[in-house]
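Undergrad: One structure follows; several queries about it will come next.
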Amino acid sequence: MTELWGLGDLALAMPFLRTATQHAKVTLLAKPQAAALLQHFAPEVELVPLVAPWTAFRGKYRLHRWPWRTLRQTIRTLRHHPYTHAISARPDPREHAFLKLTGAEKLVGFPHAGSQFLVNEKILPPLDPHRAACWQYLAGYFGWTMAPAQNHARPGRQIVIHTGAAQAVRRWPLERYTKIADQLRQKGWTVTIIDEDHGDLDALIKTLSSADRFIGNDSGPGHIAALLGVPTFTIFGSQLSENFAPQHPQSTWVDGAPCPYKPCSDYCRFPVPHCLHNITATDVWSRLQAWLRTG
């Protein structure tokens, strides 16, 4: 199976991966950063690392700069395995074309833009727009039941705030996070702030595991926190919460301010992302207080 995009996408795929390992031997084609997540959440899964050029934020269609040798080697590696199924949760013809070259007997996924000629086990896309719904549909196709999201009691007062995101248009201003942290400490919460340069994924998972609450941007760490059973509070900007809210029963969020171009997939047309910067610390604090009172 494949999940070639970001850290949050990988975290949303983990429940399916863990379920799949109960029924089959599973190989995941994903970016190298998946190794730390697999070690913690799905150690039975084999990783074939690949940074797919079409997932780059800039210059993804400069074909002369694609790593063609790496792509060919990855295909050769995958063809050495007698896979019965190749699984894609994205309606992405580029991904479908790549998987077709692996020689798997059946390609299972959501065809799009001509890839119905590549996908020989076609699934209609779910009505629910959330990314997690695609994995749930795939589990249903195989007759598997995925375990519900973790919801452990967390009576402590440890809050982790992660201020980073892969794209700048998803980063709420740092000084507003600092103001929120000061207000939380005044209320008796112990606050740990992780800045955007924090790059040790193993250390991040360890820190999030000890948290009772998580606050952050629309980014991967929030999805990892939810996967660990930690209630999350997300500050959305250019993306829509109905598509990407962390999967935890106590997750909540502040939606970004209105913009005619949302969702813009982070390609903001303005010098600054007004959808995110127009959310004030007062807006967030009023929502946070109600969330903190939940069990």
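How things are named: the first chain in the structure tokens is A, the next is B, and so on; residues count from 1 in each chain; ligands count from 1 in the order shown.
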Which residues are close to Leu10 of chain A, i.e. within 8 Å by only C-alpha atoms, leaving aside same-chain residues fewer than 5 positions away? Reply as a ChimeraX atom specification.
TA: /A:3,5,34
Undergrad: Looking at A:His96, A:Leu240, A:Ser209, A:Ile235, which one is nearest to Pro129 of chain A, with distances taken over only C-alpha atoms?
TA: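 Counting only C-alpha atoms, the residue closest to Pro129 of chain A is A:Leu240.
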Undergrad: Set the distance at 7 Å and use only C-alpha atoms: which residues neighbour segment 170-176 of chain A once local chain neighbours fewer than 2 positions away are removed? I'd like the list as an MDAnalysis selection string.
TA: chainID A and resid 163:165 167:168 178:180 217:218 237 276:277 281
Undergrad: Tell me, in Å to one decimal, how far atom CA of Leu78 of chain A is from atom CA of Ala147 of chain A.
TA: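 Atom CA of Ala147 of chain A lies at a distance of 28.9 Å from atom CA of Leu78 of chain A.
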Undergrad: Could you check how far atom CA of Glu121 of chain A sits from atom CA of Lys60 of chain A, in Å to one decimal?
TA: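 Atom CA of Glu121 of chain A sits 28.0 Å away from atom CA of Lys60 of chain A.
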Undergrad: Extract, using only C-alpha atoms, all DNA, RNA and protein residues at most 8 Å from Pro126 of chain A, discarding same-chain residues fewer than 6 positions from it, and format them as an NGL selection string.
TA: :A and (133-134 or 137)
Undergrad: Just all heavy atoms for this one: save the residues we selected as a compact mmCIF listing (two decimals), in the first residue's frame.
TA:
```txt
# COMPACT_ATOMS: atom_id res chain seq x y z
N ALA A 133 -11.70 8.70 5.93
CA ALA A 133 -12.83 7.94 5.39
C ALA A 133 -12.39 7.04 4.24
O ALA A 133 -12.96 5.96 4.04
CB ALA A 133 -13.93 8.89 4.93
N CYS A 134 -11.40 7.45 3.49
CA CYS A 134 -10.90 6.62 2.39
C CYS A 134 -10.32 5.32 2.92
O CYS A 134 -10.55 4.24 2.35
CB CYS A 134 -9.87 7.39 1.57
SG CYS A 134 -10.53 8.82 0.70
N TYR A 137 -13.12 3.07 4.01
CA TYR A 137 -13.76 2.42 2.86
C TYR A 137 -12.93 1.25 2.36
O TYR A 137 -13.48 0.20 1.99
CB TYR A 137 -13.95 3.45 1.74
CG TYR A 137 -15.36 3.95 1.62
CD1 TYR A 137 -16.05 4.43 2.73
CD2 TYR A 137 -16.02 3.97 0.39
CE1 TYR A 137 -17.34 4.91 2.62
CE2 TYR A 137 -17.31 4.45 0.27
CZ TYR A 137 -17.97 4.91 1.39
OH TYR A 137 -19.26 5.37 1.29
```
Undergrad: For segment 46-59 of chain A, work out the shell of residues within 9 Å, counting only C-alpha atoms and skipping chain neighbours fewer than 3 positions away, then give it as JSON, numbers by chain.
TA: {"A": [4, 5, 6, 25, 26, 27, 28, 29, 30, 31, 32, 33, 34, 35, 38, 43, 62, 63, 65, 66, 67, 70, 71, 74, 77, 78, 94, 95, 167, 266, 267]}
Undergrad: For Pro111 of chain A, which residue out of A:Arg69, A:Arg18, A:His40, A:Arg90 is the nearest one, using only C-alpha atoms?
TA: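 Of A:Arg69, A:Arg18, A:His40, A:Arg90, the one nearest Pro111 of chain A, counting only C-alpha atoms, is A:Arg90.
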Undergrad: Just how far from atom CA of Arg131 of chain A is atom CA of Phe244 of chain A, in Å to one decimal?
TA: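 Value for the atom CA of Phe244 of chain A-atom CA of Arg131 of chain A distance: 6.4 Å.
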Undergrad: Which residue gives the smallest distance to Asp9 of chain A among A:Val191, A:Ile215, A:Ile224, A:Cys259, with only C-alpha atoms counted?
TA: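 Between A:Val191, A:Ile215, A:Ile224, A:Cys259, the residue approaching Asp9 of chain A most closely is A:Ile224.
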Undergrad: Please list as an MDAnalysis selection string every residue within 6 Å of Gly229 of chain A, counting only C-alpha atoms and excluding residues in the same chain fewer than 3 positions away.
TA: chainID A and resid 150:152 226
Undergrad: Could the residues in this selection be saved with N, CA and C atoms as an mmCIF file, in the first residue's frame?
TA:
```cif
data_model
loop_
_atom_site.group_PDB
_atom_site.id
_atom_site.type_symbol
_atom_site.label_atom_id
_atom_site.label_comp_id
_atom_site.auth_asym_id
_atom_site.auth_seq_id
_atom_site.Cartn_x
_atom_site.Cartn_y
_atom_site.Cartn_z
ATOM 1 N N GLN A 150 -8.364 5.823 19.877
ATOM 2 C CA GLN A 150 -8.116 5.709 21.314
ATOM 3 C C GLN A 150 -8.726 6.896 22.050
ATOM 4 N N ASN A 151 -9.205 6.634 23.257
ATOM 5 C CA ASN A 151 -9.801 7.695 24.065
ATOM 6 C C ASN A 151 -9.541 7.398 25.538
ATOM 7 N N HIS A 152 -8.245 7.386 25.894
ATOM 8 C CA HIS A 152 -7.885 7.103 27.273
ATOM 9 C C HIS A 152 -8.196 8.311 28.165
ATOM 10 N N ALA A 226 -3.399 12.547 18.318
ATOM 11 C CA ALA A 226 -4.690 11.859 18.323
ATOM 12 C C ALA A 226 -4.508 10.351 18.233
#
```
Undergrad: Show which residues sit within 10 Å of Pro15 of chain A, as a PyMOL selection string. Count only C-alpha atoms, and ignore same-chain residues fewer than 2 positions away.
TA: chain A and resi 10-13+17-20+41-42+132+135-136+139+146-149+227
Undergrad: What does the file look like for those residues with N, CA, C and O atoms, as a PDB file, in the first residue's frame?
TA:
```pdb
ATOM      1  N   LEU A  10       0.275  10.091   6.897  1.00  0.00           N
ATOM      2  CA  LEU A  10       0.778   8.809   7.387  1.00  0.00           C
ATOM      3  C   LEU A  10       0.092   8.409   8.687  1.00  0.00           C
ATOM      4  O   LEU A  10      -0.281   7.248   8.881  1.00  0.00           O
ATOM      5  N   ALA A  11      -0.069   9.386   9.587  1.00  0.00           N
ATOM      6  CA  ALA A  11      -0.731   9.085  10.858  1.00  0.00           C
ATOM      7  C   ALA A  11      -2.168   8.631  10.635  1.00  0.00           C
ATOM      8  O   ALA A  11      -2.654   7.694  11.294  1.00  0.00           O
ATOM      9  N   LEU A  12      -2.873   9.259   9.689  1.00  0.00           N
ATOM     10  CA  LEU A  12      -4.249   8.860   9.408  1.00  0.00           C
ATOM     11  C   LEU A  12      -4.330   7.472   8.788  1.00  0.00           C
ATOM     12  O   LEU A  12      -5.355   6.797   8.889  1.00  0.00           O
ATOM     13  N   ALA A  13      -3.247   7.022   8.154  1.00  0.00           N
ATOM     14  CA  ALA A  13      -3.227   5.684   7.550  1.00  0.00           C
ATOM     15  C   ALA A  13      -2.915   4.588   8.562  1.00  0.00           C
ATOM     16  O   ALA A  13      -3.153   3.406   8.279  1.00  0.00           O
ATOM     17  N   LEU A  17      -3.301   0.376   8.519  1.00  0.00           N
ATOM     18  CA  LEU A  17      -2.105  -0.464   8.489  1.00  0.00           C
ATOM     19  C   LEU A  17      -2.127  -1.496   9.603  1.00  0.00           C
ATOM     20  O   LEU A  17      -1.829  -2.676   9.387  1.00  0.00           O
ATOM     21  N   ARG A  18      -2.466  -1.061  10.797  1.00  0.00           N
ATOM     22  CA  ARG A  18      -2.486  -2.004  11.933  1.00  0.00           C
ATOM     23  C   ARG A  18      -3.541  -3.081  11.725  1.00  0.00           C
ATOM     24  O   ARG A  18      -3.335  -4.242  12.072  1.00  0.00           O
ATOM     25  N   THR A  19      -4.669  -2.689  11.148  1.00  0.00           N
ATOM     26  CA  THR A  19      -5.710  -3.677  10.861  1.00  0.00           C
ATOM     27  C   THR A  19      -5.243  -4.646   9.783  1.00  0.00           C
ATOM     28  O   THR A  19      -5.457  -5.860   9.884  1.00  0.00           O
ATOM     29  N   ALA A  20      -4.603  -4.126   8.745  1.00  0.00           N
ATOM     30  CA  ALA A  20      -4.155  -4.966   7.636  1.00  0.00           C
ATOM     31  C   ALA A  20      -3.149  -6.019   8.084  1.00  0.00           C
ATOM     32  O   ALA A  20      -3.152  -7.144   7.568  1.00  0.00           O
ATOM     33  N   PHE A  41       3.889   2.380  15.914  1.00  0.00           N
ATOM     34  CA  PHE A  41       2.479   2.035  15.770  1.00  0.00           C
ATOM     35  C   PHE A  41       2.211   0.749  14.997  1.00  0.00           C
ATOM     36  O   PHE A  41       1.182   0.114  15.212  1.00  0.00           O
ATOM     37  N   ALA A  42       3.104   0.382  14.076  1.00  0.00           N
ATOM     38  CA  ALA A  42       2.860  -0.804  13.250  1.00  0.00           C
ATOM     39  C   ALA A  42       4.191  -1.460  12.887  1.00  0.00           C
ATOM     40  O   ALA A  42       4.593  -1.467  11.719  1.00  0.00           O
ATOM     41  N   ALA A 132      -9.466  10.227   6.418  1.00  0.00           N
ATOM     42  CA  ALA A 132      -9.577   8.936   7.105  1.00  0.00           C
ATOM     43  C   ALA A 132     -10.678   8.076   6.527  1.00  0.00           C
ATOM     44  O   ALA A 132     -10.628   6.842   6.593  1.00  0.00           O
ATOM     45  N   TRP A 135      -9.571   5.406   4.003  1.00  0.00           N
ATOM     46  CA  TRP A 135      -9.006   4.191   4.600  1.00  0.00           C
ATOM     47  C   TRP A 135     -10.109   3.311   5.180  1.00  0.00           C
ATOM     48  O   TRP A 135     -10.045   2.077   5.103  1.00  0.00           O
ATOM     49  N   GLN A 136     -11.130   3.923   5.748  1.00  0.00           N
ATOM     50  CA  GLN A 136     -12.242   3.142   6.274  1.00  0.00           C
ATOM     51  C   GLN A 136     -12.976   2.410   5.148  1.00  0.00           C
ATOM     52  O   GLN A 136     -13.382   1.256   5.306  1.00  0.00           O
ATOM     53  N   ALA A 139     -10.887  -0.581   4.153  1.00  0.00           N
ATOM     54  CA  ALA A 139     -11.049  -1.663   5.122  1.00  0.00           C
ATOM     55  C   ALA A 139     -12.367  -2.395   4.872  1.00  0.00           C
ATOM     56  O   ALA A 139     -12.428  -3.637   4.926  1.00  0.00           O
ATOM     57  N   MET A 146     -11.979  -1.783  11.492  1.00  0.00           N
ATOM     58  CA  MET A 146     -10.911  -1.000  12.105  1.00  0.00           C
ATOM     59  C   MET A 146     -11.286  -0.612  13.525  1.00  0.00           C
ATOM     60  O   MET A 146     -12.434  -0.266  13.803  1.00  0.00           O
ATOM     61  N   ALA A 147     -10.313  -0.674  14.425  1.00  0.00           N
ATOM     62  CA  ALA A 147     -10.552  -0.297  15.816  1.00  0.00           C
ATOM     63  C   ALA A 147     -10.846   1.198  15.907  1.00  0.00           C
ATOM     64  O   ALA A 147     -10.289   1.992  15.150  1.00  0.00           O
ATOM     65  N   PRO A 148     -11.725   1.612  16.826  1.00  0.00           N
ATOM     66  CA  PRO A 148     -12.012   3.045  16.974  1.00  0.00           C
ATOM     67  C   PRO A 148     -10.806   3.787  17.523  1.00  0.00           C
ATOM     68  O   PRO A 148      -9.865   3.183  18.059  1.00  0.00           O
ATOM     69  N   ALA A 149     -10.828   5.096  17.393  1.00  0.00           N
ATOM     70  CA  ALA A 149      -9.738   5.925  17.905  1.00  0.00           C
ATOM     71  C   ALA A 149      -9.607   5.761  19.418  1.00  0.00           C
ATOM     72  O   ALA A 149     -10.592   5.564  20.131  1.00  0.00           O
ATOM     73  N   LEU A 227      -3.540   9.915  17.439  1.00  0.00           N
ATOM     74  CA  LEU A 227      -3.255   8.487  17.307  1.00  0.00           C
ATOM     75  C   LEU A 227      -2.800   7.890  18.635  1.00  0.00           C
ATOM     76  O   LEU A 227      -3.068   6.726  18.937  1.00  0.00           O
TER      77      LEU A 227
END
```
Undergrad: Looking only at the backbone, which of the residues in segment 53-277 of chain A does DSSP tag as strand (DSSP E or B), as a PyMOL selection string?
TA: chain A and resi 85-88+106-109+121-122+158-162+190-194+213-217+232-235+252-254
